[in-house]
Structure formats: C-alpha cells, structure tokens
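Novice: To start, I am sharing the structure in question, which I have written as structure tokens.
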Amino acid sequence: MDLGIKGRVALVCASSQGLGLACATSLAREGADVYINGRDESRLEHAKSIILEKTGVLVNAIQADITKESDRQKLFDHFSIIDILVNNNAGPPPGSMKDWDHDAWIEAIECNMLAPILLIRGFITGMRNRKFGRIVNITSAMVKSPRPHMALSTTARTGLTAFSKSVSLESVVDNVTINNLLPERIDTPRQQYMAERLMKLHAISLEQARDKITETVAAKRFGLPDEFGDACAFLCSSQAGFISGQNLQLDGGSYTGLI
C-alpha cells in the first residue's frame, strides 16, 4: 500500500532511539522527508546511520530539547512547512507517591504534557491552512489502565490525551488528525530499563525478569519496534484522514476492557 506521504515533511521528536526511532524509520521507508530530534548530537548521528542502513534513506537531524521554550522556538523557526508531527519524550521514572515531590510533578508535566501541547500549538495552524496534517502522540497504555507505580507518567499523559481530543474535534475539518499511540511492552531501551528494575527488585536474572514481563502480555512476547513504527506510519497516511481523536493500543492484546 502506498501511504501517500512521499515528500511530506515529518518531525519525530525524541527519535534517537526507541519508539521515536522506530517511527522515524517507518516514515523514512514510506518516502517522507524525515527530521529526527534529540538532545545528544552523537546519538542523533548514530540514529541517522541506523535509518540509512535499514531504509537506504538519509534523514535530517535537529538537536533540540523540546522541554525548553528556546529549543521549541528553534524548531518553529526551522520549519516553514511541516505535515507530520510525532510527539514523543522520555517518560518519568516509576515509583510511588512518596517518591514524587513537587519538582518531580512539574518535570513530568513539562516533559510529557506541556512540551507536546506547545508543539501542537505551534504547528497546527499551518497544517490547517494547507489542509493536511497528521499529529501522533506517543503516550502509554497506562493512560487507559493506570497502575500505582506509573502514576507520575499516567497523570501527565492523560492531560495530553484530553487536550488532543478537544483540539481534534476542530482540526479534522481541515484534514488535520490527532491520534495517540499507547505502547506497552515494546522491546526498546525503555523496556530494558524496566526489566533491569524488576531484576533488582526481585533478585532475579535479566532473562527471568524479561520472562516475568512477557507472562503479563496476552501475546506472550514483547512487541517489535517495527510493528509500532508501522502503526505510526499508517496513522500519518493519507488513508487515515477519517481517524482522529483516537487512542490506539499496541499491547499484544493485553487490555481487558471493551473501550
């Protein structure tokens, strides 16, 4: 299937590794003019080489910390046109309520709610004027299935979800869609970190920790980054213009609810 996004300008935030890199790779494979983003220049260069090796496409890189207003302005100044925005950022650490002081809450809200909201605010008018835009936010399956140890992340990402739903009701008339991808148990560095945390908590091996995690997944395996990236690419496609304001879970069928 031709997704109809060849030549479309795409910015994928926090894409030097993990889910962001997977999305950038899939968009590059589909012919989009991809810009990857991150704070570390050397990691960005490494990510460019990975995408080139996998797709034969040389993508662009913009070093910027999307949690800083000055760096967000750098992105706004760089792009005269942007068609696709994939919002992503590192999640806050797991823990418990006693671990999270005022500063921890402010940082989570800045990183996982306000930064993507302000990027949407900065780019969406141009998208609506040009009658094409695809915005995808990478959030978390725990937006729909909260757990105590991930409440810091869930709270911030749920705020982004509510904002995106409200804006999507207005923007879709101009062929600008806003959707959220809700990952769980995708085999990325973030998942490696969670496995290592479990290993230390239970004094077990890394392999045992990974097995313990996959037992909680209905598919009994980790999700593949490529599976996640390709789902993102479809939501960015011309064919996905009638899908907006939705939360697509990529969790190996583990969510037990109906809605």
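Chains: A, B, ... in order of the structure tokens. Residues: from 1 per chain. Ligands: from 1, in order shown.
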Considering only C-alpha atoms, return as number ranges by chain whatever protein or nucleic-acid residues lie within 10 Å of segment 225-236 of chain A, sequence-local ones (same chain, fewer than 6 positions apart) excluded.

Specialist: A: 1-5, 8, 10, 18-30, 32, 83-86, 133-138, 176-183, 186-188, 242-244, 248-251

Novice: Could you turn the residues from that selection into a file that holds N, CA and C atoms, as a short mmCIF file (atom, residue, chain, number, x, y, z; two decimals), in the first residue's frame?

Specialist:
data_model
loop_
_atom_site.label_atom_id
_atom_site.label_comp_id
_atom_site.auth_asym_id
_atom_site.auth_seq_id
_atom_site.Cartn_x
_atom_site.Cartn_y
_atom_site.Cartn_z
N MET A 1 0.84 -1.19 0.00
CA MET A 1 0.00 0.00 0.00
C MET A 1 0.88 1.25 0.00
N ASP A 2 0.58 2.17 -0.89
CA ASP A 2 1.24 3.47 -0.89
C ASP A 2 0.51 4.37 0.09
N LEU A 3 1.20 4.82 1.14
CA LEU A 3 0.55 5.61 2.19
C LEU A 3 0.33 7.06 1.81
N GLY A 4 0.82 7.47 0.66
CA GLY A 4 0.55 8.82 0.19
C GLY A 4 1.26 9.91 0.95
N ILE A 5 2.42 9.59 1.53
CA ILE A 5 3.15 10.61 2.30
C ILE A 5 4.55 10.86 1.74
N ARG A 8 6.25 14.34 2.16
CA ARG A 8 5.68 15.06 3.30
C ARG A 8 6.76 15.29 4.36
N ALA A 10 8.18 15.50 7.93
CA ALA A 10 7.82 14.88 9.21
C ALA A 10 8.88 15.19 10.26
N GLY A 18 14.71 3.97 20.48
CA GLY A 18 13.41 3.50 20.96
C GLY A 18 12.25 3.72 20.01
N LEU A 19 11.11 4.07 20.59
CA LEU A 19 9.88 4.20 19.82
C LEU A 19 9.95 5.34 18.81
N GLY A 20 10.58 6.44 19.18
CA GLY A 20 10.74 7.55 18.24
C GLY A 20 11.54 7.15 17.03
N LEU A 21 12.64 6.44 17.25
CA LEU A 21 13.46 5.96 16.15
C LEU A 21 12.68 5.00 15.26
N ALA A 22 11.88 4.15 15.87
CA ALA A 22 11.08 3.21 15.09
C ALA A 22 10.10 3.95 14.18
N CYS A 23 9.47 5.00 14.71
CA CYS A 23 8.52 5.78 13.90
C CYS A 23 9.24 6.51 12.77
N ALA A 24 10.38 7.10 13.08
CA ALA A 24 11.15 7.81 12.06
C ALA A 24 11.58 6.86 10.95
N THR A 25 11.99 5.66 11.32
CA THR A 25 12.42 4.67 10.34
C THR A 25 11.28 4.29 9.40
N SER A 26 10.11 4.04 9.95
CA SER A 26 8.95 3.66 9.13
C SER A 26 8.53 4.80 8.21
N LEU A 27 8.55 6.02 8.71
CA LEU A 27 8.18 7.18 7.88
C LEU A 27 9.19 7.39 6.76
N ALA A 28 10.47 7.20 7.07
CA ALA A 28 11.50 7.33 6.04
C ALA A 28 11.32 6.27 4.96
N ARG A 29 11.00 5.07 5.37
CA ARG A 29 10.79 3.98 4.41
C ARG A 29 9.64 4.29 3.47
N GLU A 30 8.65 5.04 3.97
CA GLU A 30 7.49 5.39 3.16
C GLU A 30 7.71 6.64 2.30
N ALA A 32 8.70 9.79 3.34
CA ALA A 32 8.56 11.12 3.95
C ALA A 32 9.93 11.78 4.10
N ASP A 83 4.22 18.73 7.86
CA ASP A 83 3.00 17.98 7.57
C ASP A 83 2.68 16.94 8.63
N ILE A 84 3.73 16.39 9.25
CA ILE A 84 3.57 15.30 10.20
C ILE A 84 4.38 15.63 11.45
N LEU A 85 3.72 15.55 12.59
CA LEU A 85 4.38 15.75 13.88
C LEU A 85 4.15 14.53 14.74
N VAL A 86 5.24 13.88 15.14
CA VAL A 86 5.16 12.76 16.08
C VAL A 86 5.75 13.24 17.40
N GLY A 133 -2.55 17.52 7.72
CA GLY A 133 -1.70 17.40 8.91
C GLY A 133 -1.98 16.10 9.62
N ARG A 134 -0.92 15.50 10.11
CA ARG A 134 -1.04 14.29 10.91
C ARG A 134 -0.21 14.48 12.18
N ILE A 135 -0.88 14.43 13.31
CA ILE A 135 -0.21 14.55 14.61
C ILE A 135 -0.42 13.25 15.37
N VAL A 136 0.67 12.65 15.80
CA VAL A 136 0.60 11.41 16.57
C VAL A 136 1.39 11.62 17.86
N ASN A 137 0.73 11.40 18.97
CA ASN A 137 1.39 11.47 20.28
C ASN A 137 1.67 10.06 20.78
N ILE A 138 2.90 9.81 21.16
CA ILE A 138 3.23 8.53 21.80
C ILE A 138 3.01 8.71 23.30
N VAL A 176 -6.69 17.62 9.35
CA VAL A 176 -5.61 17.54 10.33
C VAL A 176 -6.08 16.62 11.45
N THR A 177 -5.47 15.46 11.54
CA THR A 177 -5.88 14.48 12.53
C THR A 177 -4.91 14.47 13.71
N ILE A 178 -5.43 14.12 14.87
CA ILE A 178 -4.62 13.98 16.08
C ILE A 178 -4.99 12.65 16.74
N ASN A 179 -4.00 11.78 16.85
CA ASN A 179 -4.23 10.48 17.47
C ASN A 179 -3.10 10.15 18.43
N ASN A 180 -3.36 9.18 19.29
CA ASN A 180 -2.38 8.76 20.28
C ASN A 180 -2.06 7.28 20.11
N LEU A 181 -0.79 6.94 20.20
CA LEU A 181 -0.35 5.55 20.24
C LEU A 181 -0.03 5.19 21.69
N LEU A 182 -0.59 4.09 22.16
CA LEU A 182 -0.44 3.69 23.56
C LEU A 182 0.36 2.39 23.63
N PRO A 183 1.68 2.50 23.76
CA PRO A 183 2.50 1.29 23.79
C PRO A 183 2.55 0.64 25.16
N ILE A 186 6.84 -2.91 24.44
CA ILE A 186 7.58 -2.89 23.19
C ILE A 186 9.07 -3.00 23.53
N ASP A 187 9.81 -3.82 22.79
CA ASP A 187 11.18 -4.15 23.15
C ASP A 187 12.15 -3.03 22.77
N THR A 188 12.24 -2.04 23.63
CA THR A 188 13.07 -0.85 23.42
C THR A 188 13.98 -0.66 24.64
N PHE A 242 -9.81 9.84 8.14
CA PHE A 242 -11.09 9.73 8.85
C PHE A 242 -10.90 9.12 10.24
N ILE A 243 -9.64 9.02 10.67
CA ILE A 243 -9.32 8.51 12.01
C ILE A 243 -8.73 9.66 12.80
N SER A 244 -9.43 10.13 13.81
CA SER A 244 -8.92 11.25 14.60
C SER A 244 -9.50 11.21 16.01
N LEU A 248 -4.89 4.34 20.07
CA LEU A 248 -4.61 3.01 19.55
C LEU A 248 -3.60 2.31 20.45
N GLN A 249 -4.05 1.20 21.04
CA GLN A 249 -3.17 0.45 21.94
C GLN A 249 -2.35 -0.57 21.17
N LEU A 250 -1.06 -0.61 21.48
CA LEU A 250 -0.16 -1.63 20.94
C LEU A 250 0.41 -2.38 22.14
N ASP A 251 -0.31 -3.40 22.54
CA ASP A 251 0.00 -4.07 23.81
C ASP A 251 -0.12 -5.58 23.73
#

Novice: Can you check which parts of segment 52-71 of chain A lie within 9 Å of segment 106-125 of chain A? Per residue, the shortest pair of atoms and distance in Å to one decimal, counting only C-alpha atoms, sorted by chain and number, as CSV.

Specialist:
residue,atom,partner,partner_atom,distance
A:Ile66,CA,A:Ala115,CA,6.1
A:Thr67,CA,A:Ala115,CA,5.3
A:Lys68,CA,A:Ala115,CA,8.0
A:Glu69,CA,A:Ala115,CA,8.5

Novice: I need the residues from that last selection saved to file as a PDB file, in the first residue's frame (with N, CA and C atoms), if you can.

Specialist:
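result-v6.pdb, written as the output of this step:
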ATOM      1  N   ILE A  66      13.076  19.529  23.562  1.00  0.00           N
ATOM      2  CA  ILE A  66      11.722  20.030  23.356  1.00  0.00           C
ATOM      3  C   ILE A  66      11.066  20.521  24.642  1.00  0.00           C
ATOM      4  N   THR A  67      11.679  20.271  25.793  1.00  0.00           N
ATOM      5  CA  THR A  67      11.109  20.781  27.043  1.00  0.00           C
ATOM      6  C   THR A  67      11.498  22.239  27.286  1.00  0.00           C
ATOM      7  N   LYS A  68      12.400  22.780  26.482  1.00  0.00           N
ATOM      8  CA  LYS A  68      12.850  24.165  26.639  1.00  0.00           C
ATOM      9  C   LYS A  68      12.185  25.057  25.596  1.00  0.00           C
ATOM     10  N   GLU A  69      11.668  26.190  26.029  1.00  0.00           N
ATOM     11  CA  GLU A  69      10.977  27.104  25.124  1.00  0.00           C
ATOM     12  C   GLU A  69      11.899  27.590  24.011  1.00  0.00           C
TER      13      GLU A  69
END

Novice: Looking at A:Leu160, A:Met127, A:Ile81, A:Leu201, which one is nearest to Asp174 of chain A, with distances taken over only C-alpha atoms?

Specialist: A:Met127

Novice: Looking at A:Ser96, A:Ser70, A:Asn129, A:Thr139, which one is nearest to Gly159 of chain A, with distances taken over only C-alpha atoms?

Specialist: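 The closest residue to Gly159 of chain A is A:Thr139.
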
Novice: Write out as a PyMOL selection string the set of residues from segment 44-226 of chain A that DSSP, computed on the backbone, places in alpha helix (DSSP H).

Specialist: chain A and resi 44-55+69-78+102-109+115-130+151-171+189-202+206-214+225-226

Novice: What parts of segment 51-189 of chain A does DSSP call strand (DSSP E)? I'd like the answer as JSON, numbers by chain.

Specialist: {"A": [60, 61, 62, 63, 84, 85, 86, 87, 133, 134, 135, 136, 137, 138, 176, 177, 178, 179, 180, 181, 182, 183]}

Novice: Select, from A:Gly126, A:Pro92, A:Gly245, A:Pro148, the residue with the minimum atom-to-atom distance to Val167 of chain A, counting only C-alpha atoms.

Specialist: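 Residue with the minimum atom-to-atom distance to Val167 of chain A: A:Gly245.
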
Novice: Smallest atom-to-atom distance to Ser140 of chain A: which of A:Gln73, A:Lys54, A:His46, A:Asn247, using only C-alpha atoms?

Specialist: A:Asn247

Novice: What separation in Å, quoted to one decimal, exists between atom CA of Gln208 of chain A and atom CA of Thr256 of chain A?

Specialist: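 Atom-to-atom, atom CA of Gln208 of chain A to atom CA of Thr256 of chain A, that is 24.8 Å.
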
Novice: Take atom CA of Glu196 of chain A and atom CA of Ala209 of chain A and report the distance between them in Å, one decimal.

Specialist: 7.3 Å
